[in-house]
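Q: Have a look at this one.
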Amino acid sequence: MKKFNLLVFGCFIFSQVFSQVNYVSQLNDPLFYGGKIKVMAKNSTCLLVGTEGGIFKSTDHGISWTNVSKNFDQATLNCDEIVSLGEVFYASSDPRNGSPNIYKSINNGESWEQISVLGINWIETIGAMSNTLYAVCGTYKMTEEGNQGKLYASTDGINWIPKATVWSGNWTGGDCELYTFNQNKLYLKLQNNLYYTMDGNSLVAISATGLNESDFSNVENIDGDIHGNLFCRSNNAILKYDFVAQKWNDITSGKIPNDFFIIQISVTDNAIFFDALNQSFEMKIFKSFDQGNTFTEIPISGNVLPATDNIQETAANTFIGNGLYGDVYFSSNGGDNWSSNTGQFMATYTGNLAKSGNNLLFSRENLGVVSSVNGENWATANNGIPSFGGMAYFVSELAQVHDTLFSLVSPDPFSETVSLYRSTDNGVSWSVFDIPAPYNNGEEFHIAGKCDSLLFINYYDIATANYELISMSIKTGSCVRPGQSTNVPVFVKGTKNCLFAFYGYSSNDYFNNVYKVNNFGVSFTDIGFNDLQWGMKTIKRIYKERDDFAGPMMDIDNINNYALFVIQDRSDGILDKLYKYDVKTSSWTELNAGGLPLNYVGNCLNYIGNNEWLLATNFGLYRSTDGGSTWAVAHTSGYWQNGIIVSSIVKMNNKIFLGTVANGMWVVDLSTGLVKPSENKELIIFPNPVATELSIVIPEWKGNPATIKIFNLQGKEVLNKTVMDNPICLPMKSYASGTYFVELKSNGKIYHQTIIKK
């Protein structure tokens, strides 16, 4: 006992000398709950859903959820596809950070192992049929075969057999997606065509006869059931494919009122759901349990709409889906009644975070503007913004210029009209800020940037068939079109002394150009980053809900006359790097950027003043106080989910708030904190940094077994140990230098700590 007291005292002394503990945590508030379900798979004991914010598991058919994204793709949590083979799950990640990765889990998603297909260059999509995993893979070959894409099959994710040829020659891009509906047919959409296979060796074309289109380019909601039926939505009808006659038949004609338009369908294992809306915005929801032969209307009680988006069948007569605000809804009676489990499934968008006065604000789909005075208590802030049916607010973008906030608002989800709204009281109230004619004659309006007292707006002008850039005075509302008219959107960023411009193609998640803006947009001057022209180095874009409206990943120190850019280098693999542009000398320099993890993925770069920079990566938030030359992680304690994508950074007092694409909001507390052993309730780890041996004191230890796991920066588990003693000494001499994450499970509680191995 005496030895233990001395150890605690030693921990306390060490913390007094070395500790500046900056905590990172995910904010917990009802307005951050929910999340968009993209895909689902299930086995005999659980179901997994893939989202842009990771993989979530439910063992009660969708009532409650836990995040099982640990050891998933360290570059991004975005899960595009997930399938099950017996009890084993396979999932693929978002291809935006390189080729899609495939991961395998044999323990219901608790851990994931990356798998590969030997001899191929990239994987486009995965699917499953007859207890076999399939993947469409592309190869570059300097042989007579040449470049091609093939369908590969595997029963274990390790050994692969080449099957049908999907394309020959260079990959031209476009849609390439496998659909897993039942065990007898695997469907493939390739560009504007649709196929199926029953053995993987041959692809049979699905006819477009009966569609309103001549091909599948504009067909939406291609879906199927476990009985082998294939459905799609085309124009104002749900169509079912007749495999014998090879044609599509309308199965909703005469079954819904004539003045209603079908806007969304969901096909599950044994049921079809669809939503219909009329011009008065009255909604009706229908379901069919006989493969589309008959439909019955689901009664809507009051003003509460049931789950209507991407409904999935989790068990007999049991369903989950997304509600109006992205909430995860649950029904156990065939979809007649729905409810949400509040406090569950935190996978929401907060990516356009802004600060005005002492208020933090962001917009969330259908909820409109969400605001907080202190970062803790959040509420909607839509006073003055028009609603849709009194329930939904379609705010697409937020921007702050000095003490004025701006938002782009649509009156309903189907309108091409966009209005600009302004708030001069930190988001408490909003009023329309009209874009004057002729600059309001267009569509696809987006906020292109800001500069001192000007707001830049880009839009597609129907008359000129070009994207037009306008600068708008935030005081008077007067507009000027500087003369930039192009066939792609324009983005600007900087200050009046140094304003940069970028042309962004909607299909690219990068910019291969950068210009200096003269006279607030009158003319652009190429600033000579020649490597961009060859596509080997590209300027990354911030991730947004609509990536085609995403700006550059850069910022500027106006006082010291330089800007930093996050550049993706594809000359030898895919690496993110930092480049510095000196405004005075018009020169570029690659920064060594010491302290950043190897193979980090940059997500958001922000200058916060006083020569201080912040860079959000997949491994955490990093800070530099010397212009980007050296970096250190900004949080030495707490848990950071590898792969989350931060798309906005705001500093308020001593806290850094991080808005993410699909993981709610995170906060890093920069206040100096001490690791105190008071009441022995905190996980005490020392020394940190560690050279040879690590000591760990378990909080509130009661003599029960505890489990300690250590993960490296890549998310790989390097230690898994059950211990019976307290304190614990772990040898660390053999570990490579770098950052590690410690996870301790004891007495039903989980503790996390970050350590650095010298």
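Identifiers in the structure tokens: chain A, B, ... in order shown; residue index from 1 per chain; ligand index from 1 in order shown.
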Report the residues of segment 114-223 of chain A whose backbone DSSP state falls under strand (DSSP E or B), written as a ChimeraX atom specification.

A: /A:114-115,122-129,132-139,148-154,161-168,176-180,186-190,193-197,204-205,220-223

Q: Identify, on the basis of only C-alpha atoms, every residue whose closest approach to segment 462-469 of chain A does not exceed 7 Å; exclude the query and any residue fewer than 5 positions from it along the same chain; express the result as JSON, numbers by chain.

A: {"A": [442, 456, 457, 481, 484, 485, 486, 487, 488, 489, 490]}

Q: So that I can check the surroundings of Asp215 of chain A, please list as a list of chain:residue names every protein, DNA and RNA residue that reaches within 8 Å of it, counting only C-alpha atoms and ignoring chain neighbours fewer than 4 positions away.

A: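 Here the qualifying residues turn out to be A:Asn192, A:Asn193, A:Ala208, A:Leu211.
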
Q: Could you give me, as a PyMOL selection string, the residues within 10 Å of segment 598-606 of chain A, counting only C-alpha atoms and dropping anything in the same chain fewer than 5 positions from it?

A: chain A and resi 74-76+97+540-543+552-557+564-568+574-578+612-623+643-651+658-660+713-714+738

Q: If you count only C-alpha atoms, which residues fall within 7 Å of segment 47-56 of chain A, apart from same-chain ones fewer than 2 positions away, as a list of chain:residue names?

A: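 Residues near the query, excluding close chain neighbours: A:Lys36, A:Ile37, A:Lys38, A:Val39, A:Met40, A:Ala41, A:Lys42, A:Asn43, A:Ser58, A:Thr59, A:His61, A:Trp65, A:Thr66, A:Asn67, A:Val68, A:Ser69, A:Leu77, A:Asn78, A:Cys79, A:Asp80, A:Glu81, A:Ile82, A:Ala347, A:Ile644, A:Ala662, A:Asn663.
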
Q: Residues at most 7 Å from segment 221-230 of chain A, counting only C-alpha atoms, excluding those fewer than 3 positions away in the same chain, as a list in words?

A: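 Near segment 221-230 of chain A, the qualifying residues are Phe181, Asn182, Arg233, Lys240, Tyr241, Ile265, Val267, Thr268, Asp269 and Asn270 of chain A.
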
Q: Can you pull out the residues contacting Phe388 of chain A? Cut-off 8 Å, using only C-alpha atoms, and skip same-chain residues under 4 positions away; I want them as a list in words.

A: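 Counting only the stated atoms, we get Ala392, Tyr393, Phe394, Pro411 and Asp412 of chain A.
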
Q: In Å to one decimal, how far is atom CA of Gly504 of chain A from atom CA of Thr348 of chain A?

A: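 Atom CA of Gly504 of chain A lies 25.9 Å from atom CA of Thr348 of chain A.
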
Q: Could you please determine the separation between atom CA of Asn212 of chain A and atom CA of Phe261 of chain A in Å, to one decimal place?

A: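 Value for the atom CA of Asn212 of chain A-atom CA of Phe261 of chain A distance: 15.3 Å.
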
Q: Would you please work out which residue, of A:Tyr505, A:Val24, A:Trp588, A:Val517, is nearest to Val667 of chain A when using only C-alpha atoms?

A: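 Smallest distance to Val667 of chain A is found for A:Val24.
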
Q: Out of A:Asn366, A:Asn377, A:Ser202, A:Ser93, which residue has the shortest atom-to-atom distance to Asp29 of chain A when counting only C-alpha atoms?

A: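 So, comparing all the options, the nearest one is A:Asn377.
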
Q: Counting only C-alpha atoms, which residue out of A:Ser332, A:Thr625, A:Asn382, A:Ser356 sits closest to Leu405 of chain A?

A: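 Nearest to Leu405 of chain A: A:Ser356.
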